[in-house]
Amino acid sequence: EKMISDIIGIVILNYNTYQDVISCVDSIINTYKKDKKIIVVDNCSTNNSYEILCAHFNKSRYYEEVICVKSEYNGGFAYGNNYGIEVLRKYNIDYAVLTNSDVIFKENSIEILFSGIKNRDNTVIYAPLILDVQGNPLTLPWKKSQSLVQYLGLKSAGNLIYKFDELKKKNPTEVYMVSG
């Protein structure tokens, strides 16, 4: 049986948001002190983001866990994340956090996610409830699948989506689909 690696991989997708990426990386380094590989995937930015990020992350040992890569083309959100996951596979990393560049990680948030998925044998995705700066949910997970009619908004999907109050009472909760 294969030994599961305790190194976590973090994939940050960038498209023209290099300032956000730097803040996101700094929040990870400042709050998660254990072994990690941070893969910054530039999804063919049009503002020299890739060159700026490479120069920034290569200038200091503080960033020795950061690897800057550029996708061959901008294939969208899923393509960019899969590109970063493929880079992580070369390092035999078993767990990955996929994050947007505008996320700022708080103390212990990565530990909570990591221990949450490691302690659940049949779980393949473990996602946080994503809150805005006021503490309100940005998106709520689905309880079950939507029909095409509901997806198109022709019929209410209200009973398919968790309400914030329901999620505050359940910790963790099985969901049909997470954000992203």
# chains A, B, ... in the order shown; residues from 1 in each chain; ligands from 1

call {"tool": "residues_around", "arguments": {"residues": "stretch 31-34 of chain A", "least_positions_apart": "3", "cutoff": "8 Å", "atoms": "only C-alpha atoms", "output": "list in words"}}
result
Ile7, Ser27, Ile28, Phe105, Lys106, Glu107, Asn108, Ile110 and Glu111 of chain A

call {"tool": "residues_around", "arguments": {"residues": "stretch 49-65 of chain A", "least_positions_apart": "3", "cutoff": "7 Å", "atoms": "only C-alpha atoms", "output": "PyMOL selection string"}}
result
chain A and resi 16+18+36-38+42+45+68+70

call {"tool": "select_by_dssp", "arguments": {"residues": "stretch 28-114 of chain A", "states": "alpha helix (DSSP H)", "output": "short mmCIF file (atom, residue, chain, number, x, y, z; two decimals) with C-alpha atoms, in the first residue's frame"}}
result
data_model
loop_
_atom_site.label_atom_id
_atom_site.label_comp_id
_atom_site.auth_asym_id
_atom_site.auth_seq_id
_atom_site.Cartn_x
_atom_site.Cartn_y
_atom_site.Cartn_z
CA ILE A 28 -0.37 30.79 3.06
CA ILE A 29 3.27 31.07 4.09
CA ASN A 30 2.34 33.10 7.19
CA THR A 31 -0.39 30.72 8.39
CA SER A 49 1.85 38.77 -14.62
CA TYR A 50 3.94 35.67 -15.29
CA GLU A 51 7.22 37.58 -15.55
CA ILE A 52 6.37 39.77 -12.53
CA LEU A 53 5.44 36.75 -10.39
CA CYS A 54 8.52 34.74 -11.40
CA ALA A 55 10.78 37.68 -10.56
CA HIS A 56 9.02 38.27 -7.23
CA PHE A 57 9.03 34.63 -6.09
CA ASN A 58 12.60 33.95 -7.23
CA PHE A 77 -10.66 27.72 -14.59
CA ALA A 78 -10.74 23.91 -14.64
CA TYR A 79 -7.93 23.65 -17.21
CA GLY A 80 -5.67 25.94 -15.19
CA ASN A 81 -6.27 24.04 -11.96
CA ASN A 82 -5.69 20.68 -13.68
CA TYR A 83 -2.45 22.09 -15.12
CA GLY A 84 -1.28 22.93 -11.57
CA ILE A 85 -2.33 19.50 -10.27
CA GLU A 86 -0.23 17.85 -13.00
CA VAL A 87 2.81 19.84 -11.77
CA LEU A 88 2.11 18.63 -8.20
CA ARG A 89 1.98 15.00 -9.36
CA SER A 109 -7.59 27.21 7.81
CA ILE A 110 -5.31 24.93 5.76
CA GLU A 111 -4.74 22.60 8.74
CA ILE A 112 -8.51 22.31 9.22
CA LEU A 113 -9.06 21.47 5.54
CA PHE A 114 -6.14 19.03 5.43
#

call {"tool": "atom_distance", "arguments": {"atom1": "atom CA of A:Asp20", "atom2": "atom CA of A:Asp102"}}
result
5.2 Å

call {"tool": "closest_residue", "arguments": {"among": "A:Thr99, A:Asn47, A:Asn92, A:Ser71", "to": "A:Val25", "atoms": "only C-alpha atoms"}}
result
A:Thr99

call {"tool": "closest_residue", "arguments": {"among": "A:Val97, A:Lys118, A:Val40, A:Lys90", "to": "A:Ile12", "atoms": "only C-alpha atoms"}}
result
A:Val40

call {"tool": "atom_distance", "arguments": {"atom1": "atom CA of A:Gly9", "atom2": "atom CA of A:Asn48"}}
result
24.8 Å

call {"tool": "closest_residue", "arguments": {"among": "A:Asp6, A:Asp26, A:Asp132, A:Asp35", "to": "A:Ser115", "atoms": "only C-alpha atoms"}}
result
A:Asp6

call {"tool": "atom_distance", "arguments": {"atom1": "atom CA of A:Ile93", "atom2": "atom CA of A:Leu13"}}
result
17.9 Å

call {"tool": "decode", "arguments": {"residues": "stretch 69-101 of chain A", "atoms": "N, CA, C and O atoms", "output": "PDB file, in the first residue's frame"}}
result
ATOM      1  N   VAL A  69       4.483  28.619 -12.916  1.00  0.00           N
ATOM      2  CA  VAL A  69       4.382  27.980 -14.229  1.00  0.00           C
ATOM      3  C   VAL A  69       3.372  28.738 -15.084  1.00  0.00           C
ATOM      4  O   VAL A  69       2.560  29.503 -14.563  1.00  0.00           O
ATOM      5  N   LYS A  70       3.444  28.515 -16.384  1.00  0.00           N
ATOM      6  CA  LYS A  70       2.510  29.167 -17.301  1.00  0.00           C
ATOM      7  C   LYS A  70       1.847  28.101 -18.151  1.00  0.00           C
ATOM      8  O   LYS A  70       2.532  27.245 -18.715  1.00  0.00           O
ATOM      9  N   SER A  71       0.524  28.130 -18.222  1.00  0.00           N
ATOM     10  CA  SER A  71      -0.196  27.169 -19.067  1.00  0.00           C
ATOM     11  C   SER A  71       0.046  27.491 -20.535  1.00  0.00           C
ATOM     12  O   SER A  71       0.388  28.618 -20.880  1.00  0.00           O
ATOM     13  N   GLU A  72      -0.112  26.472 -21.387  1.00  0.00           N
ATOM     14  CA  GLU A  72       0.144  26.672 -22.821  1.00  0.00           C
ATOM     15  C   GLU A  72      -0.889  27.606 -23.455  1.00  0.00           C
ATOM     16  O   GLU A  72      -0.605  28.311 -24.398  1.00  0.00           O
ATOM     17  N   TYR A  73      -2.099  27.556 -22.927  1.00  0.00           N
ATOM     18  CA  TYR A  73      -3.173  28.437 -23.405  1.00  0.00           C
ATOM     19  C   TYR A  73      -4.160  28.620 -22.266  1.00  0.00           C
ATOM     20  O   TYR A  73      -4.132  27.870 -21.289  1.00  0.00           O
ATOM     21  N   ASN A  74      -5.013  29.613 -22.359  1.00  0.00           N
ATOM     22  CA  ASN A  74      -6.014  29.841 -21.327  1.00  0.00           C
ATOM     23  C   ASN A  74      -7.229  28.984 -21.640  1.00  0.00           C
ATOM     24  O   ASN A  74      -8.070  29.350 -22.444  1.00  0.00           O
ATOM     25  N   GLY A  75      -7.276  27.837 -20.990  1.00  0.00           N
ATOM     26  CA  GLY A  75      -8.396  26.915 -21.189  1.00  0.00           C
ATOM     27  C   GLY A  75      -9.458  27.068 -20.122  1.00  0.00           C
ATOM     28  O   GLY A  75     -10.308  26.200 -19.972  1.00  0.00           O
ATOM     29  N   GLY A  76      -9.386  28.149 -19.349  1.00  0.00           N
ATOM     30  CA  GLY A  76     -10.395  28.389 -18.319  1.00  0.00           C
ATOM     31  C   GLY A  76      -9.981  27.880 -16.955  1.00  0.00           C
ATOM     32  O   GLY A  76      -8.866  27.400 -16.741  1.00  0.00           O
ATOM     33  N   PHE A  77     -10.897  28.007 -16.012  1.00  0.00           N
ATOM     34  CA  PHE A  77     -10.658  27.721 -14.594  1.00  0.00           C
ATOM     35  C   PHE A  77     -10.248  26.263 -14.355  1.00  0.00           C
ATOM     36  O   PHE A  77      -9.230  25.991 -13.726  1.00  0.00           O
ATOM     37  N   ALA A  78     -11.037  25.321 -14.876  1.00  0.00           N
ATOM     38  CA  ALA A  78     -10.743  23.905 -14.642  1.00  0.00           C
ATOM     39  C   ALA A  78      -9.416  23.509 -15.288  1.00  0.00           C
ATOM     40  O   ALA A  78      -8.604  22.811 -14.685  1.00  0.00           O
ATOM     41  N   TYR A  79      -9.177  23.976 -16.512  1.00  0.00           N
ATOM     42  CA  TYR A  79      -7.930  23.648 -17.208  1.00  0.00           C
ATOM     43  C   TYR A  79      -6.720  24.142 -16.412  1.00  0.00           C
ATOM     44  O   TYR A  79      -5.742  23.413 -16.226  1.00  0.00           O
ATOM     45  N   GLY A  80      -6.781  25.377 -15.951  1.00  0.00           N
ATOM     46  CA  GLY A  80      -5.668  25.945 -15.193  1.00  0.00           C
ATOM     47  C   GLY A  80      -5.394  25.187 -13.903  1.00  0.00           C
ATOM     48  O   GLY A  80      -4.242  24.924 -13.552  1.00  0.00           O
ATOM     49  N   ASN A  81      -6.452  24.811 -13.197  1.00  0.00           N
ATOM     50  CA  ASN A  81      -6.273  24.035 -11.963  1.00  0.00           C
ATOM     51  C   ASN A  81      -5.712  22.649 -12.266  1.00  0.00           C
ATOM     52  O   ASN A  81      -4.826  22.163 -11.552  1.00  0.00           O
ATOM     53  N   ASN A  82      -6.217  21.999 -13.303  1.00  0.00           N
ATOM     54  CA  ASN A  82      -5.685  20.681 -13.682  1.00  0.00           C
ATOM     55  C   ASN A  82      -4.219  20.775 -14.088  1.00  0.00           C
ATOM     56  O   ASN A  82      -3.427  19.878 -13.797  1.00  0.00           O
ATOM     57  N   TYR A  83      -3.849  21.857 -14.736  1.00  0.00           N
ATOM     58  CA  TYR A  83      -2.455  22.086 -15.117  1.00  0.00           C
ATOM     59  C   TYR A  83      -1.577  22.124 -13.854  1.00  0.00           C
ATOM     60  O   TYR A  83      -0.518  21.490 -13.793  1.00  0.00           O
ATOM     61  N   GLY A  84      -2.018  22.853 -12.838  1.00  0.00           N
ATOM     62  CA  GLY A  84      -1.281  22.926 -11.573  1.00  0.00           C
ATOM     63  C   GLY A  84      -1.219  21.587 -10.857  1.00  0.00           C
ATOM     64  O   GLY A  84      -0.185  21.217 -10.293  1.00  0.00           O
ATOM     65  N   ILE A  85      -2.302  20.826 -10.898  1.00  0.00           N
ATOM     66  CA  ILE A  85      -2.326  19.495 -10.269  1.00  0.00           C
ATOM     67  C   ILE A  85      -1.318  18.586 -10.957  1.00  0.00           C
ATOM     68  O   ILE A  85      -0.620  17.802 -10.295  1.00  0.00           O
ATOM     69  N   GLU A  86      -1.211  18.671 -12.269  1.00  0.00           N
ATOM     70  CA  GLU A  86      -0.226  17.852 -12.996  1.00  0.00           C
ATOM     71  C   GLU A  86       1.203  18.190 -12.548  1.00  0.00           C
ATOM     72  O   GLU A  86       2.045  17.303 -12.446  1.00  0.00           O
ATOM     73  N   VAL A  87       1.482  19.463 -12.282  1.00  0.00           N
ATOM     74  CA  VAL A  87       2.807  19.844 -11.769  1.00  0.00           C
ATOM     75  C   VAL A  87       3.010  19.200 -10.390  1.00  0.00           C
ATOM     76  O   VAL A  87       4.079  18.637 -10.109  1.00  0.00           O
ATOM     77  N   LEU A  88       2.000  19.234  -9.539  1.00  0.00           N
ATOM     78  CA  LEU A  88       2.113  18.632  -8.198  1.00  0.00           C
ATOM     79  C   LEU A  88       2.374  17.130  -8.262  1.00  0.00           C
ATOM     80  O   LEU A  88       3.092  16.586  -7.423  1.00  0.00           O
ATOM     81  N   ARG A  89       1.798  16.460  -9.241  1.00  0.00           N
ATOM     82  CA  ARG A  89       1.978  15.000  -9.361  1.00  0.00           C
ATOM     83  C   ARG A  89       3.451  14.632  -9.510  1.00  0.00           C
ATOM     84  O   ARG A  89       3.870  13.574  -9.062  1.00  0.00           O
ATOM     85  N   LYS A  90       4.231  15.506 -10.132  1.00  0.00           N
ATOM     86  CA  LYS A  90       5.667  15.243 -10.299  1.00  0.00           C
ATOM     87  C   LYS A  90       6.379  15.185  -8.951  1.00  0.00           C
ATOM     88  O   LYS A  90       7.476  14.644  -8.845  1.00  0.00           O
ATOM     89  N   TYR A  91       5.776  15.765  -7.925  1.00  0.00           N
ATOM     90  CA  TYR A  91       6.360  15.776  -6.580  1.00  0.00           C
ATOM     91  C   TYR A  91       5.702  14.732  -5.673  1.00  0.00           C
ATOM     92  O   TYR A  91       5.939  14.734  -4.463  1.00  0.00           O
ATOM     93  N   ASN A  92       4.890  13.861  -6.250  1.00  0.00           N
ATOM     94  CA  ASN A  92       4.183  12.812  -5.493  1.00  0.00           C
ATOM     95  C   ASN A  92       3.366  13.379  -4.336  1.00  0.00           C
ATOM     96  O   ASN A  92       3.373  12.833  -3.236  1.00  0.00           O
ATOM     97  N   ILE A  93       2.682  14.470  -4.596  1.00  0.00           N
ATOM     98  CA  ILE A  93       1.834  15.093  -3.578  1.00  0.00           C
ATOM     99  C   ILE A  93       0.415  14.562  -3.741  1.00  0.00           C
ATOM    100  O   ILE A  93      -0.124  14.543  -4.845  1.00  0.00           O
ATOM    101  N   ASP A  94      -0.159  14.096  -2.621  1.00  0.00           N
ATOM    102  CA  ASP A  94      -1.459  13.432  -2.660  1.00  0.00           C
ATOM    103  C   ASP A  94      -2.651  14.359  -2.426  1.00  0.00           C
ATOM    104  O   ASP A  94      -3.775  14.017  -2.772  1.00  0.00           O
ATOM    105  N   TYR A  95      -2.425  15.496  -1.796  1.00  0.00           N
ATOM    106  CA  TYR A  95      -3.525  16.404  -1.478  1.00  0.00           C
ATOM    107  C   TYR A  95      -3.231  17.791  -2.021  1.00  0.00           C
ATOM    108  O   TYR A  95      -2.105  18.271  -1.928  1.00  0.00           O
ATOM    109  N   ALA A  96      -4.278  18.434  -2.565  1.00  0.00           N
ATOM    110  CA  ALA A  96      -4.094  19.767  -3.117  1.00  0.00           C
ATOM    111  C   ALA A  96      -5.223  20.686  -2.661  1.00  0.00           C
ATOM    112  O   ALA A  96      -6.384  20.282  -2.598  1.00  0.00           O
ATOM    113  N   VAL A  97      -4.853  21.912  -2.357  1.00  0.00           N
ATOM    114  CA  VAL A  97      -5.817  22.981  -2.136  1.00  0.00           C
ATOM    115  C   VAL A  97      -5.862  23.773  -3.437  1.00  0.00           C
ATOM    116  O   VAL A  97      -4.824  24.200  -3.938  1.00  0.00           O
ATOM    117  N   LEU A  98      -7.045  23.945  -3.996  1.00  0.00           N
ATOM    118  CA  LEU A  98      -7.228  24.765  -5.192  1.00  0.00           C
ATOM    119  C   LEU A  98      -7.852  26.071  -4.728  1.00  0.00           C
ATOM    120  O   LEU A  98      -8.885  26.060  -4.069  1.00  0.00           O
ATOM    121  N   THR A  99      -7.213  27.180  -5.060  1.00  0.00           N
ATOM    122  CA  THR A  99      -7.720  28.455  -4.553  1.00  0.00           C
ATOM    123  C   THR A  99      -7.656  29.551  -5.601  1.00  0.00           C
ATOM    124  O   THR A  99      -6.792  29.544  -6.465  1.00  0.00           O
ATOM    125  N   ASN A 100      -8.585  30.465  -5.493  1.00  0.00           N
ATOM    126  CA  ASN A 100      -8.525  31.671  -6.314  1.00  0.00           C
ATOM    127  C   ASN A 100      -7.433  32.578  -5.767  1.00  0.00           C
ATOM    128  O   ASN A 100      -7.074  32.514  -4.584  1.00  0.00           O
ATOM    129  N   SER A 101      -6.958  33.473  -6.611  1.00  0.00           N
ATOM    130  CA  SER A 101      -5.869  34.364  -6.200  1.00  0.00           C
ATOM    131  C   SER A 101      -6.303  35.418  -5.191  1.00  0.00           C
ATOM    132  O   SER A 101      -5.475  35.953  -4.462  1.00  0.00           O
TER     133      SER A 101
END
